[in-house]
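Engineer: Sharing entry_22.txt, compact mmCIF, C-alpha atoms:
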# COMPACT_ATOMS: atom_id res chain seq x y z
CA MET A 1 48.75 -41.54 6.90
CA ASP A 2 47.20 -38.79 4.73
CA LYS A 3 49.06 -40.13 1.72
CA LEU A 4 48.02 -43.69 2.44
CA ARG A 5 44.39 -42.67 3.08
CA GLY A 6 44.38 -40.71 -0.18
CA GLU A 7 45.57 -43.69 -2.16
CA LEU A 8 42.98 -45.99 -0.61
CA ILE A 9 40.00 -43.69 -1.28
CA ASP A 10 38.57 -44.44 -4.70
CA ILE A 11 35.16 -42.76 -4.41
CA ILE A 12 34.80 -39.02 -5.02
CA GLU A 13 31.50 -37.62 -3.76
CA TRP A 14 29.99 -34.82 -1.65
CA LEU A 15 27.29 -35.14 0.97
CA ASP A 16 26.23 -31.59 1.84
CA ASP A 17 25.52 -31.16 5.55
CA SER A 18 24.94 -27.41 5.30
CA ARG A 19 22.24 -25.20 3.79
CA ASP A 20 24.40 -22.39 2.45
CA THR A 21 27.37 -23.97 0.63
CA MET A 22 27.38 -23.26 -3.09
CA VAL A 23 30.80 -24.68 -4.05
CA TRP A 24 32.93 -27.29 -2.22
CA ARG A 25 36.37 -28.58 -3.21
CA PHE A 26 36.96 -32.28 -2.68
CA PRO A 27 40.01 -32.78 -0.41
CA ARG A 28 42.73 -35.10 -1.74
CA TYR A 29 46.32 -35.58 -0.65
CA GLN A 30 48.30 -33.46 -3.11
CA ASN A 31 45.20 -33.53 -5.33
CA GLU A 32 46.03 -37.08 -6.50
CA ILE A 33 43.21 -39.10 -8.05
CA LYS A 34 43.58 -42.74 -9.02
CA MET A 35 42.59 -43.75 -12.50
CA GLY A 36 39.47 -45.92 -12.28
CA ALA A 37 38.10 -44.12 -9.20
CA LYS A 38 34.35 -43.70 -8.86
CA LEU A 39 32.83 -40.23 -9.18
CA VAL A 40 29.33 -39.84 -7.73
CA VAL A 41 27.45 -36.68 -8.68
CA ARG A 42 24.05 -36.46 -7.06
CA GLU A 43 20.99 -34.56 -8.17
CA SER A 44 21.34 -30.80 -7.74
CA GLN A 45 25.14 -31.15 -8.10
CA THR A 46 27.70 -30.57 -10.79
CA ALA A 47 31.34 -31.76 -10.59
CA VAL A 48 34.06 -29.71 -12.25
CA PHE A 49 37.66 -30.91 -12.76
CA VAL A 50 40.33 -28.23 -12.71
CA ASN A 51 43.86 -28.97 -13.88
CA GLU A 52 46.64 -26.47 -13.19
CA GLY A 53 44.15 -23.61 -12.90
CA LYS A 54 42.22 -24.51 -16.06
CA ILE A 55 38.69 -25.87 -16.07
CA ALA A 56 38.67 -29.25 -17.74
CA ASP A 57 35.75 -31.67 -17.67
CA VAL A 58 32.28 -31.03 -16.19
CA PHE A 59 30.09 -33.90 -14.96
CA GLU A 60 26.31 -33.76 -14.56
CA PRO A 61 24.41 -35.98 -12.03
CA GLY A 62 25.36 -39.64 -12.32
CA THR A 63 28.05 -42.22 -11.36
CA TYR A 64 31.24 -42.33 -13.43
CA THR A 65 34.38 -44.46 -13.59
CA LEU A 66 37.23 -42.06 -14.21
CA GLU A 67 39.07 -43.13 -17.36
CA THR A 68 40.73 -41.29 -20.16
CA ARG A 69 37.65 -41.75 -22.35
CA ASN A 70 35.35 -39.80 -20.01
CA LEU A 71 38.03 -37.21 -19.27
CA PRO A 72 38.65 -36.02 -22.83
CA ILE A 73 39.66 -32.46 -21.98
CA LEU A 74 41.84 -33.50 -19.05
CA SER A 75 43.44 -36.22 -21.21
CA THR A 76 44.26 -33.61 -23.82
CA LEU A 77 45.75 -31.29 -21.21
CA LYS A 78 47.80 -34.16 -19.76
CA GLY A 79 48.89 -35.40 -23.15
CA TRP A 80 47.47 -38.90 -22.67
CA LYS A 81 47.35 -40.11 -26.22
CA TYR A 82 47.17 -43.82 -25.49
CA GLY A 83 45.74 -43.91 -21.97
CA PHE A 84 47.38 -43.60 -18.58
CA ASN A 85 46.54 -45.63 -15.48
CA SER A 86 48.70 -44.04 -12.77
CA PRO A 87 47.26 -41.48 -10.30
CA PHE A 88 46.93 -37.95 -11.63
CA LYS A 89 46.61 -34.54 -10.03
CA ALA A 90 43.42 -32.52 -10.44
CA GLU A 91 41.10 -30.44 -8.32
CA VAL A 92 37.47 -31.50 -8.11
CA TYR A 93 34.84 -28.84 -7.27
CA PHE A 94 31.29 -29.81 -6.46
CA VAL A 95 28.82 -27.06 -7.34
CA ASN A 96 25.42 -27.01 -5.65
CA THR A 97 22.75 -26.30 -8.29
CA ARG A 98 19.65 -26.36 -6.06
CA GLN A 99 17.67 -23.24 -5.23
CA PHE A 100 18.88 -21.21 -2.26
CA THR A 101 15.65 -19.77 -0.90
CA ASP A 102 16.70 -18.28 2.45
CA MET A 103 18.10 -15.07 0.95
CA LYS A 104 16.72 -11.67 1.96
CA TRP A 105 16.89 -8.21 0.48
CA GLY A 106 15.79 -4.73 1.56
CA THR A 107 16.33 -1.06 0.82
CA GLN A 108 18.60 0.73 3.28
CA ASN A 109 17.70 4.09 1.74
CA PRO A 110 14.28 5.01 0.29
CA VAL A 111 13.63 4.81 -3.42
CA ILE A 112 12.14 8.00 -4.92
CA LEU A 113 9.17 7.49 -7.23
CA ARG A 114 6.88 9.85 -9.13
CA ASP A 115 3.22 8.99 -8.58
CA ALA A 116 0.38 10.54 -10.58
CA GLU A 117 -1.81 10.98 -7.51
CA PHE A 118 0.65 11.74 -4.69
CA GLY A 119 3.50 13.34 -6.65
CA VAL A 120 7.05 12.53 -5.60
CA VAL A 121 6.99 9.76 -2.97
CA ARG A 122 9.77 7.98 -1.09
CA VAL A 123 9.16 4.25 -0.65
CA ARG A 124 10.98 1.45 1.10
CA ALA A 125 10.66 -2.23 0.27
CA PHE A 126 11.91 -5.60 1.44
CA GLY A 127 11.42 -9.24 0.58
CA ALA A 128 13.19 -12.45 -0.33
CA PHE A 129 14.63 -14.12 -3.42
CA ALA A 130 15.92 -17.48 -4.59
CA ALA A 131 19.25 -17.99 -6.38
CA ARG A 132 20.50 -20.94 -8.39
CA VAL A 133 23.76 -21.80 -10.15
CA VAL A 134 23.04 -22.49 -13.82
CA ASP A 135 26.60 -22.39 -15.20
CA ALA A 136 29.18 -23.95 -12.88
CA SER A 137 32.14 -23.05 -15.09
CA ARG A 138 31.30 -19.36 -15.17
CA LEU A 139 30.69 -19.29 -11.41
CA LEU A 140 34.15 -20.79 -10.78
CA ARG A 141 35.84 -18.36 -13.15
CA GLU A 142 34.07 -15.17 -12.06
CA LEU A 143 33.33 -15.55 -8.34
CA VAL A 144 34.76 -18.64 -6.67
CA GLY A 145 38.35 -18.74 -7.85
CA THR A 146 40.33 -21.03 -5.53
CA ASP A 147 37.98 -20.78 -2.54
CA PRO A 148 37.66 -24.33 -1.11
CA GLN A 149 34.19 -23.61 0.34
CA PHE A 150 32.15 -20.85 -1.27
CA ARG A 151 29.04 -19.90 0.75
CA THR A 152 25.98 -17.86 -0.06
CA GLU A 153 27.01 -15.12 2.38
CA GLU A 154 29.94 -14.32 0.11
CA VAL A 155 27.67 -13.45 -2.80
CA GLN A 156 24.44 -12.40 -1.05
CA GLU A 157 25.48 -8.78 -0.45
CA TYR A 158 26.48 -8.42 -4.10
CA LEU A 159 23.11 -9.79 -5.19
CA ARG A 160 21.23 -7.58 -2.71
CA GLN A 161 22.92 -4.41 -3.98
CA LEU A 162 22.17 -5.41 -7.54
CA MET A 163 18.50 -6.00 -6.76
CA VAL A 164 18.03 -2.75 -4.87
CA GLY A 165 19.66 -0.90 -7.74
CA ARG A 166 17.16 -2.37 -10.19
CA LEU A 167 14.12 -2.01 -7.93
CA GLY A 168 13.61 1.72 -8.50
CA GLY A 169 13.64 1.33 -12.26
CA ALA A 170 11.25 -1.61 -12.11
CA LEU A 171 8.74 0.30 -9.97
CA ALA A 172 9.04 3.46 -12.06
CA THR A 173 8.55 1.68 -15.41
CA ALA A 174 5.72 -0.51 -14.12
CA GLY A 175 3.26 2.39 -14.47
CA VAL A 176 1.34 1.22 -11.40
CA PRO A 177 -0.17 3.83 -9.01
CA LEU A 178 1.10 3.77 -5.46
CA LEU A 179 -2.25 2.56 -4.11
CA ASP A 180 -2.22 -0.41 -6.53
CA LEU A 181 1.32 -1.63 -5.86
CA ALA A 182 0.13 -4.37 -3.52
CA ALA A 183 -2.01 -5.87 -6.28
CA HIS A 184 0.90 -5.90 -8.75
CA GLN A 185 3.76 -7.03 -6.50
CA ASP A 186 3.82 -10.51 -8.04
CA ALA A 187 4.00 -9.18 -11.59
CA ILE A 188 6.76 -6.71 -10.67
CA GLY A 189 8.65 -9.50 -8.90
CA ARG A 190 8.53 -11.74 -11.97
CA ARG A 191 9.75 -8.91 -14.16
CA LEU A 192 12.63 -8.19 -11.79
CA ALA A 193 13.57 -11.88 -11.64
CA ALA A 194 13.87 -11.99 -15.43
CA VAL A 195 15.95 -8.80 -15.53
CA LEU A 196 18.28 -9.98 -12.78
CA THR A 197 18.71 -13.44 -14.34
CA GLU A 198 19.75 -11.86 -17.62
CA GLU A 199 22.23 -9.58 -15.87
CA LEU A 200 23.71 -12.37 -13.72
CA ALA A 201 24.15 -14.76 -16.63
CA GLU A 202 27.79 -13.72 -16.93
CA VAL A 203 28.54 -15.15 -13.48
CA GLY A 204 26.43 -18.29 -13.94
CA ILE A 205 23.64 -17.41 -11.48
CA ALA A 206 19.89 -17.18 -12.11
CA ILE A 207 17.12 -15.67 -9.97
CA PRO A 208 14.13 -18.02 -10.38
CA LYS A 209 12.04 -16.24 -7.74
CA PHE A 210 11.89 -12.63 -6.55
CA VAL A 211 9.34 -11.76 -3.86
CA ILE A 212 8.35 -8.23 -2.85
CA GLU A 213 6.99 -8.74 0.64
CA ASN A 214 6.12 -5.14 1.45
CA VAL A 215 6.33 -1.62 0.04
CA SER A 216 6.02 1.13 2.66
CA VAL A 217 5.78 4.92 2.49
CA PRO A 218 6.83 7.63 4.99
CA PRO A 219 4.63 8.16 8.09
CA GLU A 220 3.16 11.43 6.81
CA VAL A 221 1.95 9.72 3.63
CA GLU A 222 0.49 6.89 5.72
CA GLN A 223 -1.45 9.44 7.78
CA ALA A 224 -2.84 11.04 4.62
CA LEU A 225 -3.90 7.63 3.35
CA ASP A 226 -5.56 6.85 6.68
CA LYS A 227 -7.55 10.11 6.52
CA ARG A 228 -8.67 9.33 2.99
CA THR A 229 -9.72 5.85 4.08
CA SER A 230 -11.67 7.30 7.00
CA MET A 231 -13.50 9.72 4.70
CA GLY A 232 -14.38 6.87 2.38
CA ALA A 233 -15.69 4.81 5.29
CA VAL A 234 -17.88 7.69 6.53
CA GLY A 235 -19.74 7.93 3.23
CA ASP A 236 -22.74 10.31 3.50
CA LEU A 237 -21.53 13.20 5.65
CA ASP A 238 -25.10 14.29 6.48
CA ARG A 239 -25.97 10.89 7.93
CA TYR A 240 -22.63 10.75 9.72
CA THR A 241 -23.33 14.15 11.33
CA ARG A 242 -26.69 12.98 12.60
CA PHE A 243 -25.11 9.80 13.90
CA GLN A 244 -22.44 11.76 15.77
CA ALA A 245 -25.08 14.10 17.19
CA ALA A 246 -27.12 11.15 18.44
CA ASN A 247 -24.05 9.62 20.11
CA ALA A 248 -23.19 12.92 21.79
CA MET A 249 -26.77 13.35 22.99
CA GLU A 250 -26.78 9.84 24.44
CA ALA A 251 -23.49 10.47 26.22
CA ALA A 252 -24.83 13.72 27.69
CA ALA A 253 -28.05 12.04 28.81
CA ASN A 254 -26.01 9.44 30.69
CA ASN A 255 -24.56 12.27 32.79
CA PRO A 256 -27.68 14.12 34.05
CA GLY A 257 -25.84 15.75 36.95
CA GLY A 258 -23.60 17.84 34.73
CA GLU A 259 -25.00 21.20 33.66
CA ALA A 260 -22.68 21.36 30.65
CA GLY A 261 -23.66 17.85 29.63
CA ALA A 262 -27.35 18.69 29.91
CA GLY A 263 -26.91 21.85 27.86
CA ILE A 264 -24.92 20.05 25.18
CA GLY A 265 -27.42 17.22 25.05
CA LEU A 266 -30.35 19.65 24.71
CA GLY A 267 -28.65 21.66 21.99
CA LEU A 268 -27.60 18.58 20.02
CA GLY A 269 -31.06 17.09 20.41
CA MET A 270 -32.69 20.22 19.01
CA ALA A 271 -30.23 20.33 16.13
CA MET A 272 -30.80 16.69 15.38
CA GLY A 273 -34.58 17.13 15.50
CA GLN A 274 -34.42 20.05 13.10
CA GLN A 275 -32.23 18.11 10.70
CA MET A 276 -34.53 15.10 10.78
CA ALA A 277 -37.61 17.32 10.28
CA ARG A 278 -36.03 18.96 7.26
CA SER A 279 -34.97 15.60 5.84
CA MET A 280 -38.45 14.09 6.32
CA GLY A 281 -40.08 17.16 4.85
CA GLY A 282 -37.88 16.83 1.79
CA GLY A 283 -39.28 13.34 1.11
CA ALA A 284 -35.95 11.46 1.34
CA ALA A 285 -33.37 11.27 4.05
CA THR A 286 -30.54 11.48 1.60
CA GLN A 287 -31.75 14.71 0.02
CA PRO A 288 -30.51 18.00 1.52
CA ALA A 289 -33.20 19.99 3.36
CA GLN A 290 -34.76 22.77 1.32
CA PRO A 291 -34.52 26.24 2.89
CA ALA A 292 -37.82 27.76 4.07
CA PRO A 293 -39.15 30.64 1.97
CA ALA A 294 -38.00 33.99 3.23
CA GLN A 295 -40.60 36.08 5.06
CA PRO A 296 -40.84 39.79 4.36
CA ALA A 297 -38.88 41.67 6.93
CA ALA A 298 -40.80 44.09 9.16
CA ALA A 299 -40.05 47.73 8.48
CA GLU A 300 -40.66 48.74 12.11
CA PRO A 301 -39.89 47.35 15.55
CA PRO A 302 -42.39 44.96 17.16
CA PRO A 303 -45.34 46.57 19.04
CA LEU A 304 -45.46 47.08 22.76
CA PRO A 305 -47.17 44.22 24.59
CA GLY A 306 -50.88 44.58 25.34
CA GLN A 307 -51.82 46.68 22.29
CA ALA A 308 -53.56 45.12 19.28
CA GLN A 309 -52.20 46.06 15.89
CA TRP A 310 -54.64 46.89 13.14
CA TYR A 311 -54.25 47.04 9.38
CA VAL A 312 -56.43 49.19 7.15
CA GLY A 313 -57.29 48.56 3.52
CA VAL A 314 -57.45 51.80 1.52
CA GLY A 315 -57.71 51.81 -2.26
CA GLY A 316 -56.74 48.14 -2.47
CA GLN A 317 -53.53 48.77 -0.47
CA ARG A 318 -52.73 47.55 3.01
CA GLN A 319 -51.69 50.23 5.51
CA GLY A 320 -50.54 49.87 9.07
CA PRO A 321 -50.08 48.51 11.56
CA TYR A 322 -51.99 51.02 13.80
CA ASP A 323 -52.95 50.89 17.41
CA LEU A 324 -56.37 52.21 18.58
CA GLY A 325 -55.03 55.73 19.07
CA ALA A 326 -53.70 55.82 15.50
CA LEU A 327 -57.01 54.47 14.22
CA ALA A 328 -58.83 57.24 16.04
CA GLU A 329 -56.64 59.81 14.31
CA GLN A 330 -57.38 58.13 10.96
CA ALA A 331 -61.08 58.30 11.75
CA ASN A 332 -60.92 62.00 12.76
CA ALA A 333 -59.08 62.71 9.51
CA GLY A 334 -61.82 60.99 7.52
CA ALA A 335 -59.53 58.19 6.32
CA LEU A 336 -61.35 55.55 8.38
CA GLY A 337 -65.10 54.99 8.16
CA ALA A 338 -67.62 52.28 8.94
CA ASP A 339 -67.12 50.76 5.48
CA THR A 340 -63.33 50.75 5.63
CA LEU A 341 -61.88 47.19 5.70
CA VAL A 342 -59.75 46.38 8.76
CA TRP A 343 -57.87 43.29 10.10
CA ARG A 344 -55.88 42.28 13.15
CA THR A 345 -54.27 39.10 14.39
CA GLY A 346 -56.93 36.54 15.30
CA MET A 347 -59.49 37.61 12.68
CA ALA A 348 -60.35 35.09 10.00
CA GLN A 349 -60.68 37.73 7.25
CA TRP A 350 -60.96 41.42 6.54
CA GLN A 351 -64.17 43.06 7.79
CA PRO A 352 -65.73 46.57 7.58
CA ALA A 353 -64.82 48.63 10.60
CA GLY A 354 -68.49 49.20 11.43
CA GLN A 355 -68.94 45.42 11.99
CA VAL A 356 -66.06 45.15 14.48
CA PRO A 357 -67.32 45.79 18.03
CA GLU A 358 -63.85 46.76 19.26
CA LEU A 359 -63.80 49.78 16.89
CA ALA A 360 -67.22 51.14 17.93
CA SER A 361 -65.60 53.64 20.31
CA VAL A 362 -63.19 54.76 17.57
CA LEU A 363 -65.99 55.33 15.07
CA ALA A 364 -68.17 57.02 17.74
CA SER A 365 -65.60 59.75 18.20
CA VAL A 366 -65.98 60.75 14.59
CA PRO A 367 -68.01 64.04 14.45
CA PRO A 368 -71.07 64.07 12.23
CA PRO A 369 -70.89 65.80 8.87
CA LEU A 370 -71.34 69.56 8.78
CA PRO A 371 -74.85 70.78 7.91
CA PRO A 372 -75.34 72.41 4.54
CA GLN A 373 -74.25 76.01 4.49
Show how you would write the structure in this file as structure tokens.
Structural biologist:
Amino acid sequence: MDKLRGELIDIIEWLDDSRDTMVWRFPRYQNEIKMGAKLVVRESQTAVFVNEGKIADVFEPGTYTLETRNLPILSTLKGWKYGFNSPFKAEVYFVNTRQFTDMKWGTQNPVILRDAEFGVVRVRAFGAFAARVVDASRLLRELVGTDPQFRTEEVQEYLRQLMVGRLGGALATAGVPLLDLAAHQDAIGRRLAAVLTEELAEVGIAIPKFVIENVSVPPEVEQALDKRTSMGAVGDLDRYTRFQAANAMEAAANNPGGEAGAGIGLGLGMAMGQQMARSMGGGAATQPAQPAPAQPAAAEPPPLPGQAQWYVGVGGQRQGPYDLGALAEQANAGALGADTLVWRTGMAQWQPAGQVPELASVLASVPPPLPPQ
């Protein structure tokens, strides 16, 4: 029955019901083909006749009546000088020339790159690519051989290894900083597609599309990038500090029963008020607050409470501070008189001691001058 069925079939064609078959061998009983049979080659197909292990004629899309005139190479191999109408033996391979787009790639191990900003960085990448047969004869010679049904899975691992091997060189020679890789993935993919197509030309395969879907870095590098992004989002650190202080003060005010919360809120509020006062005094919120001028440090400890402190002007120099007892000693020594200028806290300006009612008792204790001897 197989022999009879083979003799009755006079149409050679292939209707692909799969999505991953690259090469399919037409089944014939003992590979016998009748002269005058119809050969139908559809779009995205190429038919290749193989005789005794040698590639003979190749047919592009179209419908053909098999005769010696359209089988010139096979006729030469068979020695048909004047035509031959009996069945002949030959293998017919249909090669699928459409794009196979469901092919994935990825790096099992990280690729080491040298980046100008981050130094030596390990990156991983994955994506997809499309493959197409551009030379059916070379594909049959180099990869298919006598396989009656050659699928993409038989060549995908080879292509993936080849692509991963070229990825590191493509990224290194691109001269693109790590932070700008996402913006240049398309350009790098096109460059890799051209390089891979040139390298795969010897097996008859081209890579019309190479897509880099993602390039990732180790977690520690991601954390560093996140911190840098956060710093960039904060912007003005002075404003950010005030904002944080206001949030903390609001949170503490919402918990009035907690002593710690009240203390924190009060302290943050005072700090915030001081910062805002300094910023407003500087004329612009974005300008750093100017430090207050330094006051001269006191050379002695502060006075005891309840005693007024007096300063005395002698010879254009300020002396003091003195309490009333010290002033009395100055008066007894003749260093303090009614015309001596004095000042204490609360007085608008320096005044002669004789005009200050509080010093009347001090000046009264001064003995009169000695009579002439």
Engineer: If I take atom CA of Val95 of chain A and atom CA of Arg69 of chain A, how far is one from the other in Å, to one decimal?
Structural biologist: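 Spanning atom CA of Val95 of chain A to atom CA of Arg69 of chain A is a straight-line distance of 22.8 Å.
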Engineer: Do a neighbour search on Ala331 of chain A at 10 Å with all atoms listed in the file, toss out local chain neighbours closer than 2 positions, and write the hits as a PyMOL selection string.
Structural biologist: chain A and resi 325-329+333-338+340+362-367
Engineer: Write out as a ChimeraX atom specification the residues lying within 10 Å of Gly169 of chain A, counting all atoms listed in the file and excluding same-chain residues fewer than 3 positions away.
Structural biologist: /A:111,113,164-166,172-174,192
Engineer: Report, in Å with one decimal, the straight-line distance from atom CA of Val48 of chain A to atom CA of Ala90 of chain A.
Structural biologist: 9.9 Å
Engineer: Quick one: everything within 10 Å of Met163 of chain A, counting all atoms listed in the file, minus sequence neighbours fewer than 3 positions away in the same chain. Send it as a list of chain:residue names.
Structural biologist: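 That gives A:Trp105, A:Gly106, A:Thr107, A:Phe129, A:Glu157, A:Tyr158, A:Leu159, A:Arg160, A:Arg166, A:Leu167, A:Gly168, A:Leu192, A:Ala193, A:Val195, A:Leu196, A:Phe210.
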